[in-house]
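Asker: The structure under discussion is supplied below as structure tokens; questions concerning it will follow.
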Amino acid sequence: MGLFSFFRQEIAIDLGTANTLVVYDDEVVVDEPSIVAMDRNTRELLAVGTKAMNMHEKTHSNIMTVRPLKDGVIADFQAAENMIQGMINMVEGRRKFFAHLKMVICIPSGITEVEKRAVFDSADHVDAKETYLIHEPMAAALGIGIDVMEPMGNMIIDIGGGTTEIAVIALSGIVTDQSIRTAGDELNEDIIEYVKRMHNLLIGERTAEVIKKEVGAAIPDIENPPPPLAVNGRDLLTGIPKQILVNHVEVSEALDKSIAKIEDAVIRALEETPPELASDIYRTGIYLTGGGALLRGLDVRISEKTKLNVFVADDPLRAVVRGTGIALKNTHKFTFLMDRRSM
Ligand SMILES: Nc1ncnc2c1ncn2[C@@H]1O[C@H](COP(=O)(O)OP(=O)(O)O)[C@@H](O)[C@H]1O
Ligand SMILES: [Mg+2]
């Protein structure tokens, strides 16, 4: 790190509903769940990220865990600010007193003006001198390596924790944007419901998340199916802990309705796309980003539904933060992509 960078520091943040990532010096240095733990009475901050997640659903009356972003909006402003600060403080090598901190923060595109202001304020409180906000689909497009300034339409589906965003991007703008609240969290709820209904077993969010990752699928017929997973929970009838086996075919049934909602939103977005851009998408296909892109067979299912080519981005959980990092390096070039505030 040169002398200049000692005075000038730049970070890119993907403020996701499920995960927050920070890029510093071209590297992802923070990748943590978007959650904080607080004292229930004083609201004193106890833990941020993974540490807070480890307490989630295991807390007692004095401690609560909060996911500050829910359904793609900021549900708890103070918790959000604490979280942003906590994540920035995790950046190693960050000095408390440097001359100039520049940040680009990626926000869900459904965020309101009031919420944007809250994010800007949080940035001020960590002494950022120059802050930019970029919308998620644009950051995802940059992260995939799409030339967003070209007069060529590209469709991106970002499936995060709280929202699925379906956007068509061309000429540096978001042409169509569908945001629905069917995303990773809802898929977990589907799994909880299914296991309750079919196996009389109560499981928590975290177990549902493990099931989705280990044996999750969008269609019953997938290549290289994973072995069934042993799942522990509480028997609804006896009230005592019990173990069952869950396989990917069951999960595909559990998720079927929610995935159909995502498909419907994709069709709506395609219907709203102007014809010249639609013909571009016919050639370029659809890109999947966000953690939901990792669901087995989802690309195949969307491709069958739309009859278009569907590609899963490289390392889809990091596509948005990669793009936010690219925006950070090119703030002069991408001014029109972002909102700005300087202090
Ligand atoms: N292998 C996987 N299969 C299906 N879903 C996954 C997988 N890995 C992560 N996810 C889901 O992706 C979501 C997080 O994705 P992310 O893009 O980080 O969301 P956000 O941008 O909202 O923070 C979570 O709901 C998580 O359960
Ligand atoms: Mg995201």
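To be explicit about the labels: the chains of the structure tokens are called A, B, and onward in the order shown, and within each one the residues are counted from 1, while ligands get numbers from 1 in the order they are shown.
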For ligand 1, collect every residue having any atom at a distance of at most 6 Å from a ligand atom (counting only C-alpha atoms and all ligand atoms); output as a list in words.

Answerer: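 Using only C-alpha atoms and all ligand atoms, everything at most 6 Å from ligand 1 comes to Gly16, Thr17, Ala18, Asn19, Gly160, Gly161, Gly162, Gly184, Asp185, Glu209, Lys212, Lys213, Gly290, Gly291, Gly292, Leu294, Leu295 and Leu317 of chain A.
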
Asker: Just list as a ChimeraX atom specification whatever in segment 276-340 of chain A DSSP marks as strand (DSSP E).

Answerer: /A:286-289,310-312,338-340

Asker: Set out as JSON lines a contact list for segment 170-278 of chain A and segment 104-115 of chain A with a cut-off of 10 Å, giving each residue of segment 170-278 of chain A that qualifies its closest atom pair and distance in Å to one decimal, counting only C-alpha atoms, ordered by chain and rising residue number.

Answerer:
{"residue": "A:Asp177", "atom": "CA", "partner": "A:Ser109", "partner_atom": "CA", "distance": 8.6}
{"residue": "A:Gln178", "atom": "CA", "partner": "A:Gly110", "partner_atom": "CA", "distance": 9.5}
{"residue": "A:Ser179", "atom": "CA", "partner": "A:Gly110", "partner_atom": "CA", "distance": 7.1}
{"residue": "A:Ile180", "atom": "CA", "partner": "A:Gly110", "partner_atom": "CA", "distance": 9.5}

Asker: Which residues come within 12 Å of Glu304 of chain A, counting only C-alpha atoms, excluding same-chain residues fewer than 6 positions away, as a list in words?

Answerer: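 Surrounding residues, per the criterion: Ile219, Glu263, Gly297, Leu298 and Val310 of chain A.
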
Asker: I need the residue nearest ligand 2 from this list: A:Val36, A:Met90, A:Ala319, A:Leu133. Use only C-alpha atoms and all ligand atoms for the distance.

Answerer: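 Checking each of A:Val36, A:Met90, A:Ala319, A:Leu133 against ligand 2, counting only C-alpha atoms and all ligand atoms, the winner is A:Ala319.
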
Asker: In terms of the shortest atom-to-atom distance over only C-alpha atoms, which of A:His332, A:Arg234, A:Arg318, A:Lys70 is closest to Thr20 of chain A?

Answerer: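 For Thr20 of chain A, the nearest of the given residues is A:Arg318.
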
Asker: Neighbouring residues of Thr284 of chain A were defined as those with any atom within 10 Å, considering only C-alpha atoms; residues of the same chain fewer than 4 positions away were excluded. Please report them as a short mmCIF file (atom, residue, chain, number, x, y, z; two decimals) with N, CA and C atoms, in the first residue's frame.

Answerer:
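Contents of part_38.cif, freshly written:
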data_model
loop_
_atom_site.label_atom_id
_atom_site.label_comp_id
_atom_site.auth_asym_id
_atom_site.auth_seq_id
_atom_site.Cartn_x
_atom_site.Cartn_y
_atom_site.Cartn_z
N MET A 152 -27.32 -2.40 -25.78
CA MET A 152 -27.64 -3.82 -25.93
C MET A 152 -28.35 -4.26 -24.66
N GLY A 153 -29.51 -4.87 -24.82
CA GLY A 153 -30.27 -5.27 -23.63
C GLY A 153 -29.73 -6.54 -23.00
N ASN A 154 -29.67 -6.55 -21.68
CA ASN A 154 -29.29 -7.75 -20.94
C ASN A 154 -30.26 -7.94 -19.79
N MET A 155 -30.69 -9.18 -19.58
CA MET A 155 -31.58 -9.44 -18.45
C MET A 155 -30.82 -10.13 -17.32
N ALA A 278 -35.89 -6.94 -26.30
CA ALA A 278 -36.28 -8.34 -26.19
C ALA A 278 -35.52 -9.17 -27.21
N SER A 279 -35.31 -8.60 -28.40
CA SER A 279 -34.59 -9.38 -29.41
C SER A 279 -33.11 -9.51 -29.03
N ASP A 280 -32.58 -8.51 -28.32
CA ASP A 280 -31.20 -8.65 -27.78
C ASP A 280 -31.15 -9.82 -26.80
N LEU A 308 -35.27 -19.47 -23.33
CA LEU A 308 -34.08 -18.64 -23.54
C LEU A 308 -32.88 -19.33 -22.88
N ASN A 309 -31.69 -18.93 -23.29
CA ASN A 309 -30.49 -19.43 -22.61
C ASN A 309 -30.38 -18.77 -21.25
N VAL A 310 -30.06 -19.55 -20.23
CA VAL A 310 -29.90 -19.01 -18.88
C VAL A 310 -28.51 -19.38 -18.38
N PHE A 311 -27.79 -18.36 -17.90
CA PHE A 311 -26.43 -18.60 -17.40
C PHE A 311 -26.34 -18.24 -15.93
#

Asker: For ligand 2, which residue among A:Thr163, A:Asn200, A:Thr176, A:Ser61 is the nearest when counting only C-alpha atoms and all ligand atoms?

Answerer: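 Comparing A:Thr163, A:Asn200, A:Thr176, A:Ser61 against ligand 2, the winner is A:Thr163.
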
Asker: Using DSSP secondary structure from the backbone, list all alpha helix (DSSP H) positions within segment 231-312 of chain A, as a ChimeraX atom specification.

Answerer: /A:248-272,275-284,298-306

Asker: Selection from above, N, CA and C atoms, as a compact mmCIF listing (two decimals), in the first residue's frame, can you write it?

Answerer:
# COMPACT_ATOMS: atom_id res chain seq x y z
N HIS A 248 -33.69 -34.42 -2.38
CA HIS A 248 -33.86 -33.25 -3.25
C HIS A 248 -35.23 -33.23 -3.95
N VAL A 249 -35.82 -34.42 -4.16
CA VAL A 249 -37.13 -34.45 -4.83
C VAL A 249 -38.17 -33.78 -3.92
N GLU A 250 -38.08 -34.08 -2.63
CA GLU A 250 -39.01 -33.45 -1.68
C GLU A 250 -38.81 -31.94 -1.66
N VAL A 251 -37.55 -31.51 -1.67
CA VAL A 251 -37.31 -30.06 -1.62
C VAL A 251 -37.84 -29.41 -2.89
N SER A 252 -37.70 -30.08 -4.02
CA SER A 252 -38.21 -29.48 -5.26
C SER A 252 -39.74 -29.32 -5.18
N GLU A 253 -40.40 -30.27 -4.51
CA GLU A 253 -41.86 -30.13 -4.31
C GLU A 253 -42.16 -28.97 -3.37
N ALA A 254 -41.38 -28.88 -2.31
CA ALA A 254 -41.61 -27.81 -1.32
C ALA A 254 -41.45 -26.43 -1.94
N LEU A 255 -40.51 -26.32 -2.88
CA LEU A 255 -40.19 -24.99 -3.45
C LEU A 255 -40.98 -24.67 -4.72
N ASP A 256 -41.72 -25.65 -5.21
CA ASP A 256 -42.33 -25.51 -6.53
C ASP A 256 -43.16 -24.23 -6.70
N LYS A 257 -44.04 -23.96 -5.72
CA LYS A 257 -44.93 -22.79 -5.87
C LYS A 257 -44.16 -21.48 -5.88
N SER A 258 -43.18 -21.36 -4.99
CA SER A 258 -42.41 -20.11 -4.95
C SER A 258 -41.61 -19.92 -6.22
N ILE A 259 -41.05 -21.01 -6.73
CA ILE A 259 -40.27 -20.86 -7.96
C ILE A 259 -41.18 -20.50 -9.13
N ALA A 260 -42.41 -21.00 -9.09
CA ALA A 260 -43.38 -20.61 -10.12
C ALA A 260 -43.63 -19.09 -10.05
N LYS A 261 -43.63 -18.53 -8.83
CA LYS A 261 -43.80 -17.07 -8.70
C LYS A 261 -42.63 -16.32 -9.33
N ILE A 262 -41.44 -16.85 -9.13
CA ILE A 262 -40.27 -16.21 -9.75
C ILE A 262 -40.39 -16.29 -11.28
N GLU A 263 -40.80 -17.46 -11.76
CA GLU A 263 -40.98 -17.62 -13.22
C GLU A 263 -42.00 -16.62 -13.76
N ASP A 264 -43.11 -16.47 -13.04
CA ASP A 264 -44.14 -15.53 -13.48
C ASP A 264 -43.58 -14.11 -13.58
N ALA A 265 -42.77 -13.74 -12.59
CA ALA A 265 -42.19 -12.39 -12.60
C ALA A 265 -41.23 -12.22 -13.78
N VAL A 266 -40.52 -13.29 -14.10
CA VAL A 266 -39.60 -13.22 -15.26
C VAL A 266 -40.41 -13.02 -16.54
N ILE A 267 -41.51 -13.74 -16.65
CA ILE A 267 -42.36 -13.59 -17.84
C ILE A 267 -42.92 -12.17 -17.92
N ARG A 268 -43.37 -11.65 -16.77
CA ARG A 268 -43.89 -10.26 -16.76
C ARG A 268 -42.80 -9.28 -17.22
N ALA A 269 -41.59 -9.47 -16.70
CA ALA A 269 -40.48 -8.57 -17.07
C ALA A 269 -40.21 -8.67 -18.57
N LEU A 270 -40.26 -9.88 -19.10
CA LEU A 270 -40.04 -10.04 -20.55
C LEU A 270 -41.14 -9.36 -21.35
N GLU A 271 -42.38 -9.46 -20.84
CA GLU A 271 -43.51 -8.83 -21.54
C GLU A 271 -43.39 -7.31 -21.56
N GLU A 272 -42.77 -6.77 -20.49
CA GLU A 272 -42.61 -5.31 -20.41
C GLU A 272 -41.42 -4.78 -21.18
N PRO A 275 -39.52 -4.26 -27.67
CA PRO A 275 -39.19 -5.33 -28.61
C PRO A 275 -37.72 -5.39 -29.05
N GLU A 276 -37.09 -4.23 -29.26
CA GLU A 276 -35.69 -4.28 -29.72
C GLU A 276 -34.79 -4.89 -28.66
N LEU A 277 -35.10 -4.56 -27.39
CA LEU A 277 -34.29 -5.12 -26.31
C LEU A 277 -34.61 -6.59 -26.11
N ALA A 278 -35.89 -6.94 -26.30
CA ALA A 278 -36.28 -8.34 -26.19
C ALA A 278 -35.52 -9.17 -27.21
N SER A 279 -35.31 -8.60 -28.40
CA SER A 279 -34.59 -9.38 -29.41
C SER A 279 -33.11 -9.51 -29.03
N ASP A 280 -32.58 -8.51 -28.32
CA ASP A 280 -31.20 -8.65 -27.78
C ASP A 280 -31.15 -9.82 -26.80
N ILE A 281 -32.15 -9.86 -25.91
CA ILE A 281 -32.14 -10.88 -24.85
C ILE A 281 -32.29 -12.28 -25.45
N TYR A 282 -32.99 -12.34 -26.57
CA TYR A 282 -33.10 -13.61 -27.26
C TYR A 282 -31.70 -14.13 -27.61
N ARG A 283 -30.82 -13.18 -27.97
CA ARG A 283 -29.45 -13.58 -28.32
C ARG A 283 -28.54 -13.71 -27.10
N THR A 284 -28.67 -12.75 -26.15
CA THR A 284 -27.71 -12.74 -25.02
C THR A 284 -28.13 -13.70 -23.91
N LEU A 298 -32.23 -24.64 -11.17
CA LEU A 298 -33.03 -23.42 -11.38
C LEU A 298 -32.81 -22.86 -12.79
N ASP A 299 -31.56 -22.88 -13.23
CA ASP A 299 -31.26 -22.37 -14.58
C ASP A 299 -32.02 -23.19 -15.63
N VAL A 300 -32.03 -24.50 -15.46
CA VAL A 300 -32.72 -25.37 -16.41
C VAL A 300 -34.22 -25.05 -16.42
N ARG A 301 -34.78 -24.88 -15.20
CA ARG A 301 -36.21 -24.64 -15.11
C ARG A 301 -36.59 -23.32 -15.77
N ILE A 302 -35.83 -22.26 -15.51
CA ILE A 302 -36.16 -20.95 -16.10
C ILE A 302 -35.94 -21.00 -17.61
N SER A 303 -34.93 -21.73 -18.04
CA SER A 303 -34.67 -21.85 -19.46
C SER A 303 -35.82 -22.58 -20.16
N GLU A 304 -36.35 -23.63 -19.53
CA GLU A 304 -37.48 -24.35 -20.13
C GLU A 304 -38.72 -23.48 -20.21
N LYS A 305 -38.92 -22.67 -19.17
CA LYS A 305 -40.10 -21.82 -19.12
C LYS A 305 -40.03 -20.70 -20.17
N THR A 306 -38.86 -20.11 -20.34
CA THR A 306 -38.74 -18.93 -21.21
C THR A 306 -38.24 -19.29 -22.62

Asker: Which residue out of A:Val210, A:Val91, A:Ala139, A:Met83 has the minimum interatomic distance to ligand 2 when only C-alpha atoms and all ligand atoms are used?

Answerer: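 Using only C-alpha atoms and all ligand atoms, the shortest distance to ligand 2 belongs to A:Ala139.
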
Asker: For Gly173 of chain A, work out the shell of residues within 9 Å, counting only C-alpha atoms and skipping chain neighbours fewer than 2 positions away, then give it as a PDB file with C-alpha atoms, in the first residue's frame.

Answerer:
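Produced file around_13.pdb, reproduced below:
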ATOM      1  CA  MET A 138     -26.662  -2.410 -12.078  1.00  0.00           C
ATOM      2  CA  VAL A 148     -23.735  -1.584 -19.229  1.00  0.00           C
ATOM      3  CA  MET A 149     -23.206   1.467 -21.446  1.00  0.00           C
ATOM      4  CA  VAL A 168     -33.256  -5.374 -18.083  1.00  0.00           C
ATOM      5  CA  ILE A 169     -30.268  -3.104 -18.463  1.00  0.00           C
ATOM      6  CA  ALA A 170     -29.219  -1.117 -21.528  1.00  0.00           C
ATOM      7  CA  LEU A 171     -27.491   2.205 -22.220  1.00  0.00           C
ATOM      8  CA  VAL A 175     -35.145  -0.351 -18.465  1.00  0.00           C
ATOM      9  CA  PHE A 336     -24.969   8.621 -13.839  1.00  0.00           C
ATOM     10  CA  LEU A 337     -25.326   5.144 -12.353  1.00  0.00           C
TER      11      LEU A 337
END
